[in-house]
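First comes the structure, then the notes that go with it.
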Number of protein chains: 2
Amino acid sequence: MLPAAKPKRRHVEMLAAAAKVFARRGYHGASTQDIADVLGIRQASLYYYFHSKEAALEAVCTVGVEDYAKHAQAIAGQRVSAADKVAQLVFRHLAPLAERQDYTIVFLRERRFLPPPARERIRAIERRYERLIERIIRQGIDGGEFRADLDARLATLALLGLGNSAAAWYGREPGVTLERITRDYVDLLVRAFRKGAAPVYSLEPSRRRA
Amino acid sequence: MLPAAKPKRRHVEMLAAAAKVFARRGYHGASTQDIADVLGIRQASLYYYFHSKEAALEAVCTVGVEDYAKHAQAIAGQRVSAADKVAQLVFRHLAPLAERQDYTIVFLRERRFLPPPARERIRAIERRYERLIERIIRQGIDGGEFRADLDARLATLALLGLGNSAAAWYGREPGVTLERITRDYVDLLVRAFRKGAAPVYSLEPSRRRA
DNA sequence: ACTCCTCTCTATTGATCTATAGAATGGTAG
DNA sequence: CTACCATTCTATAGATCAATAGAGAGGAGT
């Protein structure tokens, strides 16, 4: 039977070891020996659990991405304000960093190295997640809660960019807790999305060349 | 004489080839053969230009990062509003994507694979850039232009996260020009930073577990 | 014609890495 | 005691890759 089909106790440890190593050294920079070292077993013993290094990468990426779309779907169905939904989206986007940062990092950085079929499977989940966010923002605009001139696509990319960037530095910024990031980023996004006076600034740095 | 010391015509082509290959396949996923293929020369011929693959990575990363701190310094010295400075920071941060996206991507994703001495050199430039941004934001707060409860560190990370995320998808989002990203992201940040009524939303998704 | 100098070549070494084959270990149940 | 199963082992094949050594080609200047 294929090991990937029955997730037992040791399989979970394997996955965690792979996530840790891939997150620290990158997929191509990590050797199967590195993963084996974490588990205290021989390099060849890994192949009892995975068909290939690529399969291990897909397994880690899947854990890294799977819950996002699910939660976004649940949030989209609620009957609350768009601002509330954005708040919950950010909360759910950042929450995995507490316990699964390695998986998140690997998903974000290494998914592009997946072989085409696996990459497409992961991409499908991503796309669903992005569309759900974009729809929530668009509904906020259409409902008059968010600015009419807000670009839903760019707003979505902003939310994702902001959330994903936290994965890169969370844990290395002294004193910055998940709660604070969530609060501040939600605040930042909702302030930027809601109706209000247009800010005044000169976009073109006119006194500088080019 | 060390090739890296005198940047001639072909050296620039080499660097561009390395940037392109590192950006697409990642540093560890790219072989020196891949770079040689882009240039139409043999793998071993590369070593006329670089001592090592790592040296090529440092050269690419240096190009990718060097101008940011320089421009930020110039912006910090101007006598304009903090919002104007933020606008110029974002503009200068995104501008390199037009002509040097590969270098930017490699700097962002692959700099962590540099050997410690080179990594420290790159890090020093980064740190200077971050401090300049943070100081500009802090001055906006102290001057009463930005919200008093704005966290300057998190605001800096937000600006960087937003700007850096664009490097990942710029060119693959149909119809999204650099001008539009700059305008929208500046708008987003300035709206979020300036004084204004606190938004209303429920941070805790109370009807969901955990 | 001779000499640099720049650039590229051929040929190869040695290290590293994924993956396979098949044996050994140890626990558990009949 | 024996059979079975899950897990880890040894040993190695086969491929890829960074890097070195040293030769050759061709242009510019003298």
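Going by the structure tokens order, chains are called A, B, ..., each with residues numbered from 1, while ligands are numbered from 1 in the order shown.
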
Once you count only C-alpha atoms (C1' of nucleotides), which residues of chain D turn out to be within 10 Å of chain A? Could you give them as a ChimeraX atom specification?
/D:6-10

C-alpha atoms (C1' of nucleotides) of the current selection, written as an mmCIF file, in the first residue's frame:
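Output below, filename out12.cif:
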data_model
loop_
_atom_site.group_PDB
_atom_site.id
_atom_site.type_symbol
_atom_site.label_atom_id
_atom_site.label_comp_id
_atom_site.auth_asym_id
_atom_site.auth_seq_id
_atom_site.Cartn_x
_atom_site.Cartn_y
_atom_site.Cartn_z
ATOM 1 C "C1'" DA D 6 6.186 -2.486 10.056
ATOM 2 C "C1'" DT D 7 10.303 -0.278 10.165
ATOM 3 C "C1'" DT D 8 15.092 0.484 9.545
ATOM 4 C "C1'" DC D 9 19.280 -1.170 7.875
ATOM 5 C "C1'" DT D 10 23.592 -1.935 4.402
#

Counting only C-alpha atoms, which residues of chain A sit at most 6 Å from some atom of chain B, and what is each one's closest atom pair with its distance in Å to one decimal, listed by chain and rising residue number, as JSON lines?
{"residue": "A:His28", "atom": "CA", "partner": "B:His28", "partner_atom": "CA", "distance": 5.3}
{"residue": "A:Gly29", "atom": "CA", "partner": "B:His28", "partner_atom": "CA", "distance": 5.4}
{"residue": "A:Ala83", "atom": "CA", "partner": "B:Tyr201", "partner_atom": "CA", "distance": 5.8}
{"residue": "A:Asp84", "atom": "CA", "partner": "B:Tyr201", "partner_atom": "CA", "distance": 5.0}
{"residue": "A:Ala87", "atom": "CA", "partner": "B:Leu203", "partner_atom": "CA", "distance": 5.6}
{"residue": "A:Gln88", "atom": "CA", "partner": "B:Pro205", "partner_atom": "CA", "distance": 6.0}
{"residue": "A:Gly161", "atom": "CA", "partner": "B:Ser165", "partner_atom": "CA", "distance": 5.0}
{"residue": "A:Leu162", "atom": "CA", "partner": "B:Gly161", "partner_atom": "CA", "distance": 5.5}
{"residue": "A:Ser165", "atom": "CA", "partner": "B:Gly161", "partner_atom": "CA", "distance": 5.0}
{"residue": "A:Leu188", "atom": "CA", "partner": "B:Ala192", "partner_atom": "CA", "distance": 4.9}
{"residue": "A:Arg191", "atom": "CA", "partner": "B:Ala192", "partner_atom": "CA", "distance": 5.2}
{"residue": "A:Ala192", "atom": "CA", "partner": "B:Leu188", "partner_atom": "CA", "distance": 4.9}
{"residue": "A:Tyr201", "atom": "CA", "partner": "B:Asp84", "partner_atom": "CA", "distance": 5.0}
{"residue": "A:Ser202", "atom": "CA", "partner": "B:Asp84", "partner_atom": "CA", "distance": 5.7}
{"residue": "A:Leu203", "atom": "CA", "partner": "B:Ala87", "partner_atom": "CA", "distance": 5.6}
{"residue": "A:Pro205", "atom": "CA", "partner": "B:Gln88", "partner_atom": "CA", "distance": 6.0}

Quick check: residues of chain C within 10 Å of chain A, only C-alpha atoms (C1' of nucleotides), returned as an NGL selection string.
:C and (16-20)

Output C-alpha atoms (C1' of nucleotides) for every residue in that selection, as an mmCIF file, in the first residue's frame.
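Dumped to part-v2.cif:
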data_model
loop_
_atom_site.group_PDB
_atom_site.id
_atom_site.type_symbol
_atom_site.label_atom_id
_atom_site.label_comp_id
_atom_site.auth_asym_id
_atom_site.auth_seq_id
_atom_site.Cartn_x
_atom_site.Cartn_y
_atom_site.Cartn_z
ATOM 1 C "C1'" DT C 16 27.135 14.818 -3.696
ATOM 2 C "C1'" DC C 17 22.626 13.141 -4.194
ATOM 3 C "C1'" DT C 18 18.375 10.450 -5.372
ATOM 4 C "C1'" DA C 19 16.705 6.122 -5.603
ATOM 5 C "C1'" DT C 20 16.636 0.888 -5.638
#

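Taking atom CA of A:Gly140 and atom CA of A:Ala167 as endpoints, the distance between them is 26.5 Å.
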